[in-house]
>>> print(open('structure_30.cif').read())   # mmCIF, C-alpha atoms and all ligand atoms
data_data
loop_
_atom_site.group_PDB
_atom_site.id
_atom_site.type_symbol
_atom_site.label_atom_id
_atom_site.label_comp_id
_atom_site.auth_asym_id
_atom_site.auth_seq_id
_atom_site.Cartn_x
_atom_site.Cartn_y
_atom_site.Cartn_z
ATOM 1 C CA MET D 1 -21.657 45.051 -32.965
ATOM 2 C CA GLN D 2 -23.080 46.707 -29.875
ATOM 3 C CA ALA D 3 -25.631 43.924 -29.532
ATOM 4 C CA CYS D 4 -22.789 41.403 -29.534
ATOM 5 C CA VAL D 5 -21.024 43.227 -26.737
ATOM 6 C CA ALA D 6 -24.234 43.354 -24.716
ATOM 7 C CA VAL D 7 -24.773 39.622 -25.167
ATOM 8 C CA LYS D 8 -21.206 38.891 -24.189
ATOM 9 C CA TYR D 9 -21.429 40.759 -20.903
ATOM 10 C CA SER D 10 -24.943 39.915 -19.794
ATOM 11 C CA MET D 11 -25.294 37.192 -17.181
ATOM 12 C CA ALA D 12 -26.397 33.813 -18.470
ATOM 13 C CA ASP D 13 -28.903 31.733 -16.530
ATOM 14 C CA TYR D 14 -29.166 27.988 -16.384
ATOM 15 C CA TRP D 15 -32.109 26.140 -14.839
ATOM 16 C CA ASN D 16 -32.742 22.481 -14.275
ATOM 17 C CA ILE D 17 -35.901 21.229 -12.613
ATOM 18 C CA ALA D 18 -36.165 17.519 -11.836
ATOM 19 C CA PRO D 19 -39.119 15.863 -13.609
ATOM 20 C CA GLY D 20 -42.239 15.921 -11.438
ATOM 21 C CA MET D 21 -40.951 18.741 -9.213
ATOM 22 C CA GLU D 22 -42.488 21.623 -11.191
ATOM 23 C CA ASN D 23 -45.535 22.051 -8.960
ATOM 24 C CA ALA D 24 -43.636 21.741 -5.692
ATOM 25 C CA LEU D 25 -41.276 24.392 -7.002
ATOM 26 C CA LYS D 26 -44.066 26.770 -8.082
ATOM 27 C CA GLU D 27 -45.620 26.453 -4.631
ATOM 28 C CA CYS D 28 -42.234 27.118 -3.082
ATOM 29 C CA PHE D 29 -41.708 30.326 -5.123
ATOM 30 C CA SER D 30 -45.152 31.647 -4.155
ATOM 31 C CA ARG D 31 -44.694 31.427 -0.385
ATOM 32 C CA ASP D 32 -42.772 34.053 1.505
ATOM 33 C CA ALA D 33 -41.836 32.185 4.659
ATOM 34 C CA GLU D 34 -38.563 32.903 6.391
ATOM 35 C CA ALA D 35 -36.139 30.018 6.718
ATOM 36 C CA ASP D 36 -36.288 28.222 10.098
ATOM 37 C CA VAL D 37 -32.493 28.025 10.238
ATOM 38 C CA THR D 38 -29.806 29.849 8.257
ATOM 39 C CA LEU D 39 -26.199 28.684 8.196
ATOM 40 C CA GLU D 40 -23.333 30.608 6.582
ATOM 41 C CA PHE D 41 -19.809 29.534 5.760
ATOM 42 C CA SER D 42 -17.064 31.303 3.891
ATOM 43 C CA ILE D 43 -15.129 29.283 1.335
ATOM 44 C CA PRO D 44 -11.592 30.624 0.779
ATOM 45 C CA GLU D 45 -9.844 30.070 -2.556
ATOM 46 C CA LYS D 46 -7.900 26.768 -2.781
ATOM 47 C CA ASP D 47 -8.317 26.032 0.945
ATOM 48 C CA PHE D 48 -8.592 22.266 0.579
ATOM 49 C CA ASN D 49 -7.862 21.672 4.259
ATOM 50 C CA ASN D 50 -11.207 23.178 5.161
ATOM 51 C CA ALA D 51 -13.263 22.885 1.970
ATOM 52 C CA GLY D 52 -16.196 20.577 2.553
ATOM 53 C CA LYS D 53 -16.627 21.448 6.243
ATOM 54 C CA GLY D 54 -19.673 23.606 5.520
ATOM 55 C CA SER D 55 -21.393 20.759 3.724
ATOM 56 C CA SER D 56 -20.623 18.255 6.440
ATOM 57 C CA GLU D 57 -21.992 20.615 9.117
ATOM 58 C CA VAL D 58 -25.185 21.161 7.149
ATOM 59 C CA LYS D 59 -25.548 17.408 6.795
ATOM 60 C CA ASN D 60 -25.012 16.874 10.538
ATOM 61 C CA LEU D 61 -27.661 19.430 11.382
ATOM 62 C CA LEU D 62 -30.188 17.914 8.962
ATOM 63 C CA LYS D 63 -29.418 14.479 10.381
ATOM 64 C CA ARG D 64 -30.303 15.724 13.858
ATOM 65 C CA LEU D 65 -33.536 17.130 12.416
ATOM 66 C CA GLY D 66 -34.395 13.618 11.253
ATOM 67 C CA VAL D 67 -34.092 14.014 7.476
ATOM 68 C CA ASP D 68 -34.168 10.680 5.584
ATOM 69 C CA SER D 69 -30.692 9.232 4.972
ATOM 70 C CA GLU D 70 -31.002 8.969 1.180
ATOM 71 C CA VAL D 71 -32.173 12.604 1.006
ATOM 72 C CA LEU D 72 -29.278 13.537 3.299
ATOM 73 C CA ARG D 73 -26.815 11.866 0.959
ATOM 74 C CA ARG D 74 -28.197 13.769 -2.048
ATOM 75 C CA ILE D 75 -28.012 17.113 -0.224
ATOM 76 C CA ALA D 76 -24.488 16.428 1.077
ATOM 77 C CA VAL D 77 -23.146 15.352 -2.320
ATOM 78 C CA ALA D 78 -24.652 18.329 -4.177
ATOM 79 C CA SER D 79 -23.490 20.762 -1.488
ATOM 80 C CA TYR D 80 -19.973 19.326 -1.299
ATOM 81 C CA GLU D 81 -19.527 19.475 -5.085
ATOM 82 C CA ALA D 82 -20.647 23.102 -5.143
ATOM 83 C CA GLU D 83 -18.471 24.009 -2.149
ATOM 84 C CA ILE D 84 -15.414 22.395 -3.763
ATOM 85 C CA ASN D 85 -16.108 24.219 -7.037
ATOM 86 C CA VAL D 86 -15.996 27.571 -5.235
ATOM 87 C CA ALA D 87 -12.681 26.626 -3.572
ATOM 88 C CA ALA D 88 -11.220 25.071 -6.728
ATOM 89 C CA HIS D 89 -12.361 27.394 -9.508
ATOM 90 C CA SER D 90 -13.121 30.783 -7.957
ATOM 91 C CA HIS D 91 -11.370 33.450 -5.883
ATOM 92 C CA GLY D 92 -13.446 32.344 -2.917
ATOM 93 C CA GLY D 93 -17.029 32.848 -1.863
ATOM 94 C CA GLU D 94 -19.857 32.228 0.553
ATOM 95 C CA MET D 95 -22.252 29.405 1.139
ATOM 96 C CA THR D 96 -25.680 30.118 2.668
ATOM 97 C CA SER D 97 -27.976 27.272 3.677
ATOM 98 C CA LEU D 98 -31.634 28.114 4.224
ATOM 99 C CA ILE D 99 -33.450 25.320 6.007
ATOM 100 C CA TYR D 100 -37.277 25.178 5.935
ATOM 101 C CA ASP D 101 -39.524 22.536 7.455
ATOM 102 C CA ASP D 102 -39.861 20.648 4.178
ATOM 103 C CA MET D 103 -36.776 21.572 2.145
ATOM 104 C CA ILE D 104 -33.310 23.068 2.000
ATOM 105 C CA HIS D 105 -32.139 25.877 -0.287
ATOM 106 C CA ILE D 106 -28.351 26.270 -0.530
ATOM 107 C CA LYS D 107 -26.758 29.273 -2.286
ATOM 108 C CA PHE D 108 -23.121 29.635 -3.320
ATOM 109 C CA ILE D 109 -21.909 33.074 -4.390
ATOM 110 C CA ASP D 110 -18.276 33.579 -5.300
ATOM 111 C CA GLU D 111 -15.968 36.395 -6.364
ATOM 112 C CA GLY D 112 -15.446 35.285 -9.957
ATOM 113 C CA PRO D 113 -13.902 34.743 -12.504
ATOM 114 C CA GLY D 114 -17.254 33.319 -13.572
ATOM 115 C CA ILE D 115 -18.287 30.674 -16.084
ATOM 116 C CA ALA D 116 -18.274 31.863 -19.709
ATOM 117 C CA ASP D 117 -20.302 28.968 -21.092
ATOM 118 C CA ILE D 118 -22.534 27.269 -18.536
ATOM 119 C CA ALA D 119 -23.860 24.668 -20.990
ATOM 120 C CA GLN D 120 -20.308 23.576 -21.707
ATOM 121 C CA ALA D 121 -19.458 23.461 -17.975
ATOM 122 C CA MET D 122 -22.447 21.132 -17.454
ATOM 123 C CA VAL D 123 -21.111 18.556 -19.938
ATOM 124 C CA PRO D 124 -19.871 15.480 -18.019
ATOM 125 C CA GLY D 125 -16.083 15.320 -18.343
ATOM 126 C CA TYR D 126 -15.555 19.029 -19.071
ATOM 127 C CA SER D 127 -13.050 20.512 -16.622
ATOM 128 C CA THR D 128 -10.593 23.400 -16.452
ATOM 129 C CA ALA D 129 -9.161 22.219 -13.108
ATOM 130 C CA ASP D 130 -5.482 23.121 -12.641
ATOM 131 C CA ASP D 131 -2.736 20.743 -11.460
ATOM 132 C CA LEU D 132 -3.135 21.536 -7.753
ATOM 133 C CA VAL D 133 -6.875 20.877 -7.935
ATOM 134 C CA ARG D 134 -6.294 17.608 -9.852
ATOM 135 C CA GLU D 135 -3.735 16.442 -7.305
ATOM 136 C CA PHE D 136 -6.534 16.369 -4.728
ATOM 137 C CA GLY D 137 -8.602 14.077 -6.934
ATOM 138 C CA PHE D 138 -10.840 16.755 -8.417
ATOM 139 C CA GLY D 139 -11.179 17.572 -12.110
ATOM 140 C CA ALA D 140 -13.257 14.661 -13.418
ATOM 141 C CA GLY D 141 -15.719 17.217 -14.755
ATOM 142 C CA LEU D 142 -18.541 15.458 -12.930
ATOM 143 C CA GLY D 143 -19.271 17.935 -10.141
ATOM 144 C CA LEU D 144 -21.955 20.024 -11.856
ATOM 145 C CA PRO D 145 -23.663 16.925 -13.363
ATOM 146 C CA ASN D 146 -23.589 15.432 -9.863
ATOM 147 C CA ILE D 147 -25.295 18.532 -8.407
ATOM 148 C CA GLN D 148 -27.938 18.376 -11.122
ATOM 149 C CA LYS D 149 -28.546 14.665 -10.523
ATOM 150 C CA ASN D 150 -28.955 15.034 -6.770
ATOM 151 C CA SER D 151 -31.055 18.211 -6.557
ATOM 152 C CA ASP D 152 -34.735 18.866 -7.228
ATOM 153 C CA ALA D 153 -33.958 22.247 -8.792
ATOM 154 C CA LEU D 154 -30.671 23.835 -9.817
ATOM 155 C CA HIS D 155 -30.038 27.419 -10.908
ATOM 156 C CA ILE D 156 -26.722 28.838 -12.085
ATOM 157 C CA SER D 157 -26.177 32.455 -13.026
ATOM 158 C CA SER D 158 -22.780 33.531 -14.310
ATOM 159 C CA ALA D 159 -20.746 35.184 -17.062
ATOM 160 C CA ALA D 160 -17.065 35.599 -17.901
ATOM 161 C CA GLY D 161 -15.495 38.082 -15.496
ATOM 162 C CA GLU D 162 -18.476 38.033 -13.120
ATOM 163 C CA SER D 163 -19.217 36.197 -9.906
ATOM 164 C CA THR D 164 -21.047 32.885 -10.097
ATOM 165 C CA LEU D 165 -24.287 32.169 -8.250
ATOM 166 C CA LEU D 166 -25.189 28.505 -7.914
ATOM 167 C CA GLU D 167 -28.239 27.548 -5.883
ATOM 168 C CA PHE D 168 -30.206 24.364 -5.493
ATOM 169 C CA LEU D 169 -33.247 23.011 -3.687
ATOM 170 C CA VAL D 170 -33.875 19.592 -2.229
ATOM 171 C CA PHE D 171 -37.223 18.638 -0.694
ATOM 172 C CA PHE D 172 -37.058 16.385 2.370
ATOM 173 C CA ALA D 173 -39.980 14.169 1.368
ATOM 174 C CA GLN D 174 -39.142 11.961 -1.589
ATOM 175 C CA MET S 1 -16.998 -10.353 3.898
ATOM 176 C CA THR S 2 -15.495 -8.760 7.004
ATOM 177 C CA LEU S 3 -12.859 -6.042 6.944
ATOM 178 C CA GLN S 4 -10.509 -8.467 8.728
ATOM 179 C CA GLU S 5 -10.785 -10.905 5.792
ATOM 180 C CA ILE S 6 -10.010 -8.051 3.407
ATOM 181 C CA ILE S 7 -6.949 -7.080 5.448
ATOM 182 C CA THR S 8 -5.702 -10.669 5.221
ATOM 183 C CA LEU S 9 -6.405 -10.982 1.459
ATOM 184 C CA LEU S 10 -4.580 -7.721 0.686
ATOM 185 C CA ASN S 11 -1.821 -8.348 3.208
ATOM 186 C CA ALA S 12 -2.678 -4.885 4.461
ATOM 187 C CA GLU S 13 -1.654 -2.813 7.437
ATOM 188 C CA VAL S 14 -4.219 -1.095 9.649
ATOM 189 C CA LEU S 15 -3.437 2.605 10.085
ATOM 190 C CA GLY S 16 -4.454 4.451 13.220
ATOM 191 C CA THR S 17 -6.204 2.987 16.218
ATOM 192 C CA LYS S 18 -9.822 2.399 17.194
ATOM 193 C CA ALA S 19 -10.628 0.676 13.903
ATOM 194 C CA ASP S 20 -13.360 -1.953 14.043
ATOM 195 C CA THR S 21 -12.038 -4.667 11.720
ATOM 196 C CA ASP S 22 -14.912 -7.058 12.457
ATOM 197 C CA CYS S 23 -17.359 -4.878 10.533
ATOM 198 C CA GLN S 24 -19.150 -6.315 7.497
ATOM 199 C CA VAL S 25 -18.239 -4.945 4.053
ATOM 200 C CA PRO S 26 -21.095 -5.437 1.570
ATOM 201 C CA CYS S 27 -19.502 -4.042 -1.616
ATOM 202 C CA ALA S 28 -16.636 -1.962 -3.009
ATOM 203 C CA PHE S 29 -15.722 0.838 -5.415
ATOM 204 C CA ALA S 30 -12.277 1.838 -6.706
ATOM 205 C CA SER S 31 -11.340 5.268 -8.084
ATOM 206 C CA ASP S 32 -8.905 8.163 -7.805
ATOM 207 C CA LEU S 33 -11.502 10.766 -8.759
ATOM 208 C CA ILE S 34 -13.579 12.348 -5.995
ATOM 209 C CA SER S 35 -16.625 13.171 -8.135
ATOM 210 C CA ASP S 36 -16.601 9.672 -9.548
ATOM 211 C CA ILE S 37 -16.683 8.252 -6.014
ATOM 212 C CA LEU S 38 -19.492 10.626 -5.006
ATOM 213 C CA MET S 39 -21.520 9.735 -8.080
ATOM 214 C CA CYS S 40 -21.229 5.976 -7.643
ATOM 215 C CA THR S 41 -21.581 5.431 -3.906
ATOM 216 C CA LYS S 42 -25.170 5.105 -2.734
ATOM 217 C CA GLU S 43 -24.867 2.274 -0.204
ATOM 218 C CA PRO S 44 -22.310 1.334 2.468
ATOM 219 C CA THR S 45 -19.140 0.811 0.395
ATOM 220 C CA LEU S 46 -15.458 -0.062 0.785
ATOM 221 C CA LEU S 47 -13.361 2.528 -1.048
ATOM 222 C CA LEU S 48 -10.081 1.544 -2.741
ATOM 223 C CA THR S 49 -8.028 4.548 -3.828
ATOM 224 C CA GLY S 50 -4.596 6.021 -4.419
ATOM 225 C CA LEU S 51 -5.722 9.385 -3.009
ATOM 226 C CA THR S 52 -4.383 10.108 0.472
ATOM 227 C CA ASN S 53 -5.310 13.760 1.087
ATOM 228 C CA ASN S 54 -7.811 14.909 3.716
ATOM 229 C CA GLN S 55 -10.658 15.226 1.180
ATOM 230 C CA VAL S 56 -10.816 11.465 0.754
ATOM 231 C CA VAL S 57 -11.703 11.197 4.451
ATOM 232 C CA ARG S 58 -13.969 14.261 4.233
ATOM 233 C CA LEU S 59 -15.932 12.285 1.627
ATOM 234 C CA SER S 60 -17.060 9.902 4.334
ATOM 235 C CA ASP S 61 -19.050 12.785 5.874
ATOM 236 C CA MET S 62 -21.139 12.921 2.688
ATOM 237 C CA ILE S 63 -21.468 9.271 1.676
ATOM 238 C CA ASP S 64 -21.447 5.939 3.500
ATOM 239 C CA VAL S 65 -17.815 4.745 3.310
ATOM 240 C CA VAL S 66 -17.304 1.606 5.431
ATOM 241 C CA ALA S 67 -13.489 1.715 5.236
ATOM 242 C CA ILE S 68 -10.722 3.033 2.960
ATOM 243 C CA VAL S 69 -7.952 0.939 1.391
ATOM 244 C CA PHE S 70 -4.926 2.988 0.283
ATOM 245 C CA VAL S 71 -3.205 1.100 -2.527
ATOM 246 C CA ARG S 72 0.369 0.846 -3.794
ATOM 247 C CA GLY S 73 1.845 1.373 -0.346
ATOM 248 C CA LYS S 74 0.475 4.905 -0.046
ATOM 249 C CA ARG S 75 -0.053 6.312 3.421
ATOM 250 C CA PRO S 76 -1.820 9.496 4.393
ATOM 251 C CA LEU S 77 -0.180 12.048 6.686
ATOM 252 C CA GLN S 78 -0.813 11.847 10.428
ATOM 253 C CA ASP S 79 -3.496 14.579 10.433
ATOM 254 C CA VAL S 80 -5.504 12.615 7.867
ATOM 255 C CA ILE S 81 -5.140 9.432 9.945
ATOM 256 C CA GLU S 82 -6.454 11.423 12.924
ATOM 257 C CA MET S 83 -9.418 12.686 10.887
ATOM 258 C CA ALA S 84 -10.315 9.058 10.152
ATOM 259 C CA GLU S 85 -9.906 8.092 13.819
ATOM 260 C CA GLU S 86 -12.233 10.909 14.901
ATOM 261 C CA ARG S 87 -14.876 9.471 12.567
ATOM 262 C CA GLY S 88 -14.304 5.869 13.613
ATOM 263 C CA LEU S 89 -13.462 5.191 9.968
ATOM 264 C CA PRO S 90 -11.105 2.224 9.502
ATOM 265 C CA ILE S 91 -8.245 2.930 7.056
ATOM 266 C CA ILE S 92 -5.777 0.345 5.789
ATOM 267 C CA SER S 93 -2.801 0.369 3.454
ATOM 268 C CA THR S 94 -1.729 -2.344 0.998
ATOM 269 C CA ARG S 95 1.377 -2.561 -1.195
ATOM 270 C CA MET S 96 -0.724 -4.031 -4.023
ATOM 271 C CA THR S 97 -1.868 -1.926 -6.982
ATOM 272 C CA LEU S 98 -5.454 -0.723 -7.398
ATOM 273 C CA TYR S 99 -6.017 -3.289 -10.144
ATOM 274 C CA ARG S 100 -4.584 -6.215 -8.222
ATOM 275 C CA SER S 101 -6.354 -5.388 -4.941
ATOM 276 C CA SER S 102 -9.674 -4.970 -6.727
ATOM 277 C CA GLY S 103 -9.173 -8.242 -8.632
ATOM 278 C CA ILE S 104 -8.363 -10.200 -5.491
ATOM 279 C CA LEU S 105 -11.392 -8.877 -3.606
ATOM 280 C CA PHE S 106 -13.686 -9.405 -6.594
ATOM 281 C CA ASN S 107 -12.516 -13.013 -6.987
ATOM 282 C CA ALA S 108 -13.063 -13.578 -3.279
ATOM 283 C CA GLY S 109 -16.719 -12.620 -3.816
ATOM 284 C CA LEU S 110 -16.836 -8.944 -2.809
ATOM 285 C CA ARG S 111 -19.322 -7.416 -5.237
ATOM 286 C CA SER S 112 -19.127 -4.092 -7.021
ATOM 287 C CA CYS S 113 -21.326 -1.380 -5.496
ATOM 288 C CA LYS S 114 -24.551 -0.566 -7.346
ATOM 289 C CA ILE S 115 -24.057 2.530 -9.450
HETATM 290 N N1 LIG G 201 -17.727 28.497 -9.109
HETATM 291 C C1 LIG G 201 -17.124 28.370 -10.308
HETATM 292 N N2 LIG G 201 -16.429 29.426 -10.824
HETATM 293 C C2 LIG G 201 -15.824 29.332 -12.032
HETATM 294 N N3 LIG G 201 -15.858 28.233 -12.806
HETATM 295 C C3 LIG G 201 -16.532 27.157 -12.348
HETATM 296 C C4 LIG G 201 -17.200 27.177 -11.091
HETATM 297 N N4 LIG G 201 -17.800 25.966 -10.926
HETATM 298 C C5 LIG G 201 -17.506 25.248 -12.020
HETATM 299 N N5 LIG G 201 -16.757 25.950 -12.886
HETATM 300 C C6 LIG G 201 -16.281 25.516 -14.213
HETATM 301 O O1 LIG G 201 -17.052 24.413 -14.664
HETATM 302 C C7 LIG G 201 -16.198 23.292 -14.902
HETATM 303 C C8 LIG G 201 -16.938 22.014 -14.606
HETATM 304 O O2 LIG G 201 -17.236 21.938 -13.218
HETATM 305 P P1 LIG G 201 -17.471 20.497 -12.560
HETATM 306 O O3 LIG G 201 -17.711 20.668 -11.107
HETATM 307 O O4 LIG G 201 -18.513 19.781 -13.342
HETATM 308 O O5 LIG G 201 -16.088 19.746 -12.829
HETATM 309 P P2 LIG G 201 -14.672 19.996 -12.110
HETATM 310 O O6 LIG G 201 -14.865 20.812 -10.874
HETATM 311 O O7 LIG G 201 -13.724 20.523 -13.106
HETATM 312 O O8 LIG G 201 -14.262 18.506 -11.717
HETATM 313 P P3 LIG G 201 -14.942 17.618 -10.554
HETATM 314 O O9 LIG G 201 -16.085 18.398 -9.994
HETATM 315 O O10 LIG G 201 -15.382 16.369 -11.229
HETATM 316 O O11 LIG G 201 -13.869 17.399 -9.556
HETATM 317 C C9 LIG G 201 -14.980 23.538 -14.053
HETATM 318 O O12 LIG G 201 -13.822 22.840 -14.497
HETATM 319 C C10 LIG G 201 -14.819 25.062 -14.196
HETATM 320 O O13 LIG G 201 -14.254 25.380 -15.449
HETATM 321 MG MG MG G 202 -16.311 20.322 -9.487
#
>>> encode(input="structure_30.cif", output="structure tokens")
Amino acid sequence: MQACVAVKYSMADYWNIAPGMENALKECFSRDAEADVTLEFSIPEKDFNNAGKGSSEVKNLLKRLGVDSEVLRRIAVASYEAEINVAAHSHGGEMTSLIYDDMIHIKFIDEGPGIADIAQAMVPGYSTADDLVREFGFGAGLGLPNIQKNSDALHISSAAGESTLLEFLVFFAQ
Amino acid sequence: MTLQEIITLLNAEVLGTKADTDCQVPCAFASDLISDILMCTKEPTLLLTGLTNNQVVRLSDMIDVVAIVFVRGKRPLQDVIEMAEERGLPIISTRMTLYRSSGILFNAGLRSCKI
């Protein structure tokens, strides 16, 4: 009984590493370089007038830095989907973009209510989006699969009643 | 196909100013779901949609949208039209349904975008 309770309230972790990226990722975990540029944006709950601005600013900056256009598209799509998820499904949160010379690491941390079953949330078509969110054209249940598809590594840590951390990496060289 | 040809085929109205209707449109995608659009658009694409909120224009910051066709006589609010103008993104409105507009453009030779 106590074990069950402990399982229920411990944070669950989800990892996805794109095939062939394992070594690049290991190398990336073993270095302790500071990011060259850090950008922060707050993402208020259900603020669909501004949601997505953070992602478009990150994309603009990377474009000026000369990142390849296909890589830019992947970063922008993954970032936008994650930014919208914070606005649509959480009580609001923060987005932090860490830009290195060869990759970008973007972290989204929100104020809950968390994801009870991450594996289920990853299933294409699964969505708990409410009517307001659907009115904007969200709620296909394709956002998380889209983030997975466009990133080189994706990590989600969450639990029911907790905040959600979603972070992903994209390397600039393909 | 040029955007001007598309405007003629769909009997559409150009919204906002500064739109370049001579631009070439290589392919198209039609959907009312944002994630669906993001998943399927990897090349310069004409978007046909019934969505008229600001996020449909915001999308063009992330992916390469050549122009947006609002179907079934839908028109975005002025602030959304201005967002498109700021981006130099042509937006047009047709009274035809999503199905009919897509069918007409497809028959005229506008291919589906690669997904
Ligand atoms: N930050 C979050 N906090 C709480 N729940 C989330 C969060 N992100 C995703 N979820 C849950 O995971 C589900 C699936 O997310 P996903 O992005 O794949 O689809 P969606 O947002 O519902 O629709 P779409 O992204 O296609 O517009 C959501 O419906 C929601 O239940
Ligand atoms: Mg989503």
>>> atom_distance(input="structure_30.cif", atom1="atom CA of D:Leu166", atom2="atom CA of D:Gln148")
11.0 Å
>>> interface_residues(input="structure_30.cif", of="chain S", to="chain D", cutoff="8 Å", atoms="all atoms listed in the file", output="VMD selection string")
chain S and resid 32 to 36 38 to 39 42 51 53 to 55 58 61 to 63
>>> residues_near_point(input="structure_30.cif", point="(-15.2, -6.9, -5.3)", cutoff="12 Å", atoms="only C-alpha atoms", output="count of residues only")
30
>>> resolve_selection(input="structure_30.cif", expression="the PyMOL selection byres (((chain S and resi 70) around 10) and not hetatm)", output="list in words")
Ala12, Glu13, Leu15, Leu47, Leu48, Thr49, Gly50, Leu51, Thr52, Ala67, Ile68, Val69, Val71, Arg72, Gly73, Lys74, Arg75, Pro76, Ile91, Ile92, Ser93, Thr94, Arg95, Met96, Thr97, Leu98 and Ser101 of chain S
>>> atom_distance(input="structure_30.cif", atom1="atom CA of S:Ile37", atom2="atom CA of D:Pro113")
27.4 Å
>>> closest_residue(input="structure_30.cif", among="D:Ala12, D:Asp36, D:Ala121, D:Met103", to="D:Glu162", atoms="only C-alpha atoms")
D:Ala12
